[in-house]
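A.B. asks: The following file, model_16.cif, comprises mmCIF, C-alpha atoms, pLDDT in the B column; chains and numbers go by the auth columns:
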data_query
loop_
_atom_site.group_PDB
_atom_site.id
_atom_site.type_symbol
_atom_site.label_atom_id
_atom_site.label_comp_id
_atom_site.label_asym_id
_atom_site.label_seq_id
_atom_site.Cartn_x
_atom_site.Cartn_y
_atom_site.Cartn_z
_atom_site.B_iso_or_equiv
_atom_site.auth_seq_id
_atom_site.auth_asym_id
ATOM 1 C CA MET A 1 84.526 93.925 65.545 47.00 1 A
ATOM 2 C CA LYS A 2 85.332 96.335 68.320 55.00 2 A
ATOM 3 C CA SER A 3 89.024 96.943 69.093 54.00 3 A
ATOM 4 C CA ALA A 4 90.598 97.138 72.506 57.00 4 A
ATOM 5 C CA HIS A 5 90.463 100.485 74.214 63.00 5 A
ATOM 6 C CA PRO A 6 93.604 102.421 73.241 60.00 6 A
ATOM 7 C CA GLN A 7 94.616 103.006 76.850 73.00 7 A
ATOM 8 C CA LEU A 8 94.903 99.251 77.421 84.00 8 A
ATOM 9 C CA TRP A 9 97.812 98.807 74.998 86.00 9 A
ATOM 10 C CA PRO A 10 100.412 100.604 77.153 90.00 10 A
ATOM 11 C CA LEU A 11 99.103 98.696 80.165 93.00 11 A
ATOM 12 C CA ALA A 12 99.717 95.401 78.350 93.00 12 A
ATOM 13 C CA GLY A 13 103.301 96.430 77.574 95.00 13 A
ATOM 14 C CA ALA A 14 103.894 97.520 81.171 96.00 14 A
ATOM 15 C CA ILE A 15 102.472 94.252 82.533 96.00 15 A
ATOM 16 C CA PHE A 16 104.858 92.201 80.377 97.00 16 A
ATOM 17 C CA ILE A 17 107.770 94.329 81.542 97.00 17 A
ATOM 18 C CA LEU A 18 106.804 93.857 85.191 98.00 18 A
ATOM 19 C CA LEU A 19 106.201 90.118 84.773 97.00 19 A
ATOM 20 C CA SER A 20 109.617 89.662 83.180 98.00 20 A
ATOM 21 C CA ILE A 21 111.637 90.993 86.119 98.00 21 A
ATOM 22 C CA PRO A 22 111.310 88.033 88.543 98.00 22 A
ATOM 23 C CA PHE A 23 112.223 85.603 85.752 98.00 23 A
ATOM 24 C CA ILE A 24 115.259 87.637 84.672 98.00 24 A
ATOM 25 C CA LEU A 25 116.424 87.824 88.293 98.00 25 A
ATOM 26 C CA GLN A 26 115.796 84.062 88.670 97.00 26 A
ATOM 27 C CA LEU A 27 113.456 84.572 91.622 97.00 27 A
ATOM 28 C CA VAL A 28 110.776 82.115 90.450 97.00 28 A
ATOM 29 C CA PRO A 29 111.522 78.535 91.534 97.00 29 A
ATOM 30 C CA PRO A 30 110.329 75.550 89.486 96.00 30 A
ATOM 31 C CA ASN A 31 106.556 75.271 89.772 95.00 31 A
ATOM 32 C CA HIS A 32 103.490 74.224 87.811 91.00 32 A
ATOM 33 C CA TRP A 33 101.781 77.660 87.871 94.00 33 A
ATOM 34 C CA SER A 34 104.024 80.249 86.248 94.00 34 A
ATOM 35 C CA GLY A 35 107.050 80.315 84.013 94.00 35 A
ATOM 36 C CA PHE A 36 108.275 78.272 81.088 93.00 36 A
ATOM 37 C CA ARG A 37 106.617 74.987 82.077 94.00 37 A
ATOM 38 C CA VAL A 38 107.577 72.137 79.782 94.00 38 A
ATOM 39 C CA GLU A 39 108.973 68.711 80.586 94.00 39 A
ATOM 40 C CA LYS A 40 112.576 69.759 80.022 95.00 40 A
ATOM 41 C CA THR A 41 112.404 72.768 82.365 96.00 41 A
ATOM 42 C CA LEU A 42 110.452 70.958 85.057 94.00 42 A
ATOM 43 C CA SER A 43 112.865 68.015 85.108 95.00 43 A
ATOM 44 C CA ASP A 44 116.071 70.011 85.694 96.00 44 A
ATOM 45 C CA GLU A 45 116.346 73.026 88.002 96.00 45 A
ATOM 46 C CA ARG A 46 119.379 74.376 86.139 97.00 46 A
ATOM 47 C CA VAL A 47 117.450 74.305 82.847 97.00 47 A
ATOM 48 C CA TRP A 48 114.410 75.865 84.589 97.00 48 A
ATOM 49 C CA TYR A 49 116.336 78.949 85.650 98.00 49 A
ATOM 50 C CA ALA A 50 118.215 79.312 82.355 97.00 50 A
ATOM 51 C CA ALA A 51 115.106 78.899 80.189 97.00 51 A
ATOM 52 C CA ASN A 52 113.002 81.195 82.339 98.00 52 A
ATOM 53 C CA ARG A 53 115.710 83.850 82.295 98.00 53 A
ATOM 54 C CA VAL A 54 115.656 83.784 78.475 98.00 54 A
ATOM 55 C CA MET A 55 111.853 83.882 78.559 97.00 55 A
ATOM 56 C CA GLY A 56 112.028 86.840 80.959 98.00 56 A
ATOM 57 C CA TYR A 57 114.266 88.809 78.591 98.00 57 A
ATOM 58 C CA ASP A 58 111.979 87.905 75.690 98.00 58 A
ATOM 59 C CA LEU A 59 108.960 89.197 77.640 97.00 59 A
ATOM 60 C CA LEU A 60 110.864 92.355 78.556 98.00 60 A
ATOM 61 C CA ILE A 61 111.696 93.051 74.911 98.00 61 A
ATOM 62 C CA ALA A 62 108.113 92.296 73.839 98.00 62 A
ATOM 63 C CA GLY A 63 106.797 94.641 76.528 98.00 63 A
ATOM 64 C CA VAL A 64 109.133 97.453 75.470 98.00 64 A
ATOM 65 C CA VAL A 65 108.192 96.989 71.795 98.00 65 A
ATOM 66 C CA ILE A 66 104.470 97.008 72.663 97.00 66 A
ATOM 67 C CA LEU A 67 104.881 100.100 74.845 96.00 67 A
ATOM 68 C CA ALA A 68 106.957 101.935 72.218 97.00 68 A
ATOM 69 C CA THR A 69 104.407 101.097 69.525 96.00 69 A
ATOM 70 C CA THR A 70 101.544 102.451 71.625 94.00 70 A
ATOM 71 C CA ILE A 71 103.429 105.702 72.173 93.00 71 A
ATOM 72 C CA ALA A 72 104.255 105.998 68.465 95.00 72 A
ATOM 73 C CA THR A 73 100.679 105.287 67.359 94.00 73 A
ATOM 74 C CA ALA A 74 99.337 107.751 69.929 91.00 74 A
ATOM 75 C CA ILE A 75 101.586 110.448 68.466 92.00 75 A
ATOM 76 C CA TYR A 76 101.443 109.687 64.762 93.00 76 A
ATOM 77 C CA LEU A 77 98.021 108.069 64.334 92.00 77 A
ATOM 78 C CA ARG A 78 96.036 110.117 66.823 86.00 78 A
ATOM 79 C CA GLY A 79 93.457 110.938 64.150 87.00 79 A
ATOM 80 C CA ASN A 80 92.995 107.331 63.084 91.00 80 A
ATOM 81 C CA ARG A 81 92.134 105.294 66.174 89.00 81 A
ATOM 82 C CA ARG A 82 91.037 102.253 64.175 92.00 82 A
ATOM 83 C CA LEU A 83 94.376 101.985 62.353 94.00 83 A
ATOM 84 C CA ALA A 84 96.268 102.600 65.608 93.00 84 A
ATOM 85 C CA ASN A 85 94.375 99.791 67.338 92.00 85 A
ATOM 86 C CA ARG A 86 94.970 97.399 64.455 94.00 86 A
ATOM 87 C CA LEU A 87 98.666 98.209 64.390 95.00 87 A
ATOM 88 C CA ASN A 88 98.923 97.833 68.177 95.00 88 A
ATOM 89 C CA LEU A 89 97.147 94.472 68.015 95.00 89 A
ATOM 90 C CA ALA A 90 99.424 93.251 65.231 97.00 90 A
ATOM 91 C CA VAL A 91 102.548 94.297 67.145 97.00 91 A
ATOM 92 C CA PHE A 92 101.174 92.698 70.333 96.00 92 A
ATOM 93 C CA ILE A 93 100.581 89.347 68.614 97.00 93 A
ATOM 94 C CA LEU A 94 103.831 89.430 66.630 98.00 94 A
ATOM 95 C CA SER A 95 105.908 90.396 69.692 97.00 95 A
ATOM 96 C CA LEU A 96 104.525 87.533 71.755 96.00 96 A
ATOM 97 C CA ALA A 97 104.909 85.063 68.882 98.00 97 A
ATOM 98 C CA VAL A 98 108.555 86.045 68.371 98.00 98 A
ATOM 99 C CA ALA A 99 109.188 85.887 72.145 97.00 99 A
ATOM 100 C CA ALA A 100 107.683 82.403 72.354 97.00 100 A
ATOM 101 C CA ALA A 101 109.557 81.182 69.279 98.00 101 A
ATOM 102 C CA HIS A 102 112.860 82.501 70.590 98.00 102 A
ATOM 103 C CA SER A 103 112.275 80.997 74.040 97.00 103 A
ATOM 104 C CA PHE A 104 111.574 77.568 72.538 96.00 104 A
ATOM 105 C CA TRP A 105 114.580 77.877 70.218 97.00 105 A
ATOM 106 C CA ALA A 106 116.817 78.753 73.173 97.00 106 A
ATOM 107 C CA LEU A 107 115.439 75.789 75.126 96.00 107 A
ATOM 108 C CA THR A 108 116.464 73.399 72.336 96.00 108 A
ATOM 109 C CA ARG A 109 120.035 74.650 72.718 95.00 109 A
ATOM 110 C CA MET A 110 120.168 73.929 76.475 93.00 110 A
#
Translate this structure into structure tokens?

C.D. replies:
Amino acid sequence: MKSAHPQLWPLAGAIFILLSIPFILQLVPPNHWSGFRVEKTLSDERVWYAANRVMGYDLLIAGVVILATTIATAIYLRGNRRLANRLNLAVFILSLAVAAAHSFWALTRM
């Protein structure tokens, strides 16, 4: 199985960071296209903004972790591209899973 090109990992981290900003700043109104779209958030505007702000911070943290990992693997694993790609993929998946789990946990407390 072929791994993602190593230069795509920092791009993924940067995209998550950029996507998080409008949600953190509460600039995205309730909609059916982007954001934390579940029944609870779509039924109450106050919950929408609170939940999406948490989701935005979770995406920001995930993006920073992904970006930091890509920099670290580029420095320390430069001779082992396969291991670097596997580590970057694992961190990518784990970061998004933790972000999603935390966002859902926070929603249950709203």

A.B. asks: What does the distance from CA of Val28 in chain A to CA of Leu89 in chain A come to in Å, to one decimal?

C.D. replies: 29.0 Å

A.B. asks: Quick one: pull the distance between CA of Ala68 in chain A and CA of Asn80 in chain A, Å, one decimal.

C.D. replies: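 Going from CA of Ala68 in chain A over to CA of Asn80 in chain A, I get 17.5 Å.
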
A.B. asks: Excluding Ala101 in chain A and its own-chain neighbours fewer than 4 positions away, which residues fall within 12 Å of it when counting all atoms listed in the file? Please give them as a VMD selection string.

C.D. replies: chain A and resid 54 to 55 58 to 59 94 to 97 105 to 108

A.B. asks: Would you list the contacts of Ala51 in chain A as JSON, numbers by chain, taking every protein, DNA or RNA residue within 12 Å and counting only C-alpha atoms, but skipping same-chain residues closer than 3 positions in sequence?

C.D. replies: {"A": [23, 24, 26, 28, 29, 30, 35, 36, 37, 38, 39, 40, 41, 42, 44, 45, 46, 47, 48, 54, 55, 56, 57, 58, 100, 102, 103, 104, 105, 106, 107, 108, 109, 110]}

A.B. asks: I'd like to know which of A:Leu25, A:Leu19, A:Ile66, A:Ala99 is closest to Asn85 in chain A, using only C-alpha atoms.

C.D. replies: A:Ile66

A.B. asks: Take CA of Leu11 in chain A and CA of Ala62 in chain A and report the distance between them in Å, one decimal.

C.D. replies: 12.7 Å

A.B. asks: Go through A:Val98, A:Val64, A:Ile75, A:Arg81 and flag the residue nearest Pro10 in chain A, using only C-alpha atoms for the distances.

C.D. replies: A:Val64

A.B. asks: With distances taken over all atoms listed in the file, which of A:Asn52, A:Arg86, A:Trp9, A:Ser43 is nearest to Ile21 in chain A?

C.D. replies: A:Asn52

A.B. asks: Would you mind listing what lies within 9 Å of Val65 in chain A as a list in words, with all atoms listed in the file counted and same-chain residues fewer than 5 positions away left out?

C.D. replies: Gly13, Leu60, Thr70, Val91, Phe92 and Ser95 of chain A

A.B. asks: For range 33-85 of chain A in the structure I just supplied, write out C-alpha atoms - as a PDB file, in the first residue's frame.

C.D. replies:
ATOM      1  CA  TRP A  33     -23.412  22.030   5.228  1.00  0.00           C
ATOM      2  CA  SER A  34     -20.579  22.664   7.664  1.00  0.00           C
ATOM      3  CA  GLY A  35     -19.989  22.465  11.375  1.00  0.00           C
ATOM      4  CA  PHE A  36     -21.080  20.152  14.148  1.00  0.00           C
ATOM      5  CA  ARG A  37     -24.408  19.108  12.615  1.00  0.00           C
ATOM      6  CA  VAL A  38     -26.445  16.923  14.935  1.00  0.00           C
ATOM      7  CA  GLU A  39     -30.025  17.277  16.115  1.00  0.00           C
ATOM      8  CA  LYS A  40     -29.062  19.008  19.352  1.00  0.00           C
ATOM      9  CA  THR A  41     -26.935  21.689  17.659  1.00  0.00           C
ATOM     10  CA  LEU A  42     -29.382  22.294  14.835  1.00  0.00           C
ATOM     11  CA  SER A  43     -32.327  22.716  17.209  1.00  0.00           C
ATOM     12  CA  ASP A  44     -30.804  25.444  19.410  1.00  0.00           C
ATOM     13  CA  GLU A  45     -28.686  28.329  18.117  1.00  0.00           C
ATOM     14  CA  ARG A  46     -26.997  28.814  21.494  1.00  0.00           C
ATOM     15  CA  VAL A  47     -25.920  25.153  21.536  1.00  0.00           C
ATOM     16  CA  TRP A  48     -24.813  25.432  17.875  1.00  0.00           C
ATOM     17  CA  TYR A  49     -22.333  28.197  18.615  1.00  0.00           C
ATOM     18  CA  ALA A  50     -21.065  26.641  21.854  1.00  0.00           C
ATOM     19  CA  ALA A  51     -20.598  23.168  20.356  1.00  0.00           C
ATOM     20  CA  ASN A  52     -18.975  24.479  17.199  1.00  0.00           C
ATOM     21  CA  ARG A  53     -16.600  26.638  19.220  1.00  0.00           C
ATOM     22  CA  VAL A  54     -15.461  23.530  21.128  1.00  0.00           C
ATOM     23  CA  MET A  55     -15.176  21.650  17.833  1.00  0.00           C
ATOM     24  CA  GLY A  56     -13.134  24.541  16.413  1.00  0.00           C
ATOM     25  CA  TYR A  57     -10.655  24.391  19.298  1.00  0.00           C
ATOM     26  CA  ASP A  58     -10.470  20.610  18.933  1.00  0.00           C
ATOM     27  CA  LEU A  59      -9.683  20.986  15.215  1.00  0.00           C
ATOM     28  CA  LEU A  60      -7.087  23.647  16.002  1.00  0.00           C
ATOM     29  CA  ILE A  61      -5.333  21.365  18.488  1.00  0.00           C
ATOM     30  CA  ALA A  62      -5.505  18.420  16.068  1.00  0.00           C
ATOM     31  CA  GLY A  63      -4.050  20.586  13.303  1.00  0.00           C
ATOM     32  CA  VAL A  64      -1.187  21.787  15.505  1.00  0.00           C
ATOM     33  CA  VAL A  65      -0.421  18.216  16.630  1.00  0.00           C
ATOM     34  CA  ILE A  66      -0.460  16.983  13.012  1.00  0.00           C
ATOM     35  CA  LEU A  67       1.762  19.862  11.890  1.00  0.00           C
ATOM     36  CA  ALA A  68       4.206  19.380  14.784  1.00  0.00           C
ATOM     37  CA  THR A  69       4.403  15.649  14.081  1.00  0.00           C
ATOM     38  CA  THR A  70       5.193  16.246  10.412  1.00  0.00           C
ATOM     39  CA  ILE A  71       7.994  18.628  11.360  1.00  0.00           C
ATOM     40  CA  ALA A  72       9.389  16.174  13.919  1.00  0.00           C
ATOM     41  CA  THR A  73       9.269  13.220  11.518  1.00  0.00           C
ATOM     42  CA  ALA A  74      10.876  15.312   8.776  1.00  0.00           C
ATOM     43  CA  ILE A  75      13.761  16.109  11.124  1.00  0.00           C
ATOM     44  CA  TYR A  76      14.209  12.841  12.979  1.00  0.00           C
ATOM     45  CA  LEU A  77      13.007  10.239  10.469  1.00  0.00           C
ATOM     46  CA  ARG A  78      14.283  11.810   7.270  1.00  0.00           C
ATOM     47  CA  GLY A  79      16.047   8.571   6.339  1.00  0.00           C
ATOM     48  CA  ASN A  80      12.990   6.407   6.908  1.00  0.00           C
ATOM     49  CA  ARG A  81      10.140   7.831   4.838  1.00  0.00           C
ATOM     50  CA  ARG A  82       7.947   4.757   5.276  1.00  0.00           C
ATOM     51  CA  LEU A  83       8.072   4.953   9.082  1.00  0.00           C
ATOM     52  CA  ALA A  84       7.525   8.727   8.965  1.00  0.00           C
ATOM     53  CA  ASN A  85       4.429   8.296   6.797  1.00  0.00           C
TER      54      ASN A  85
END
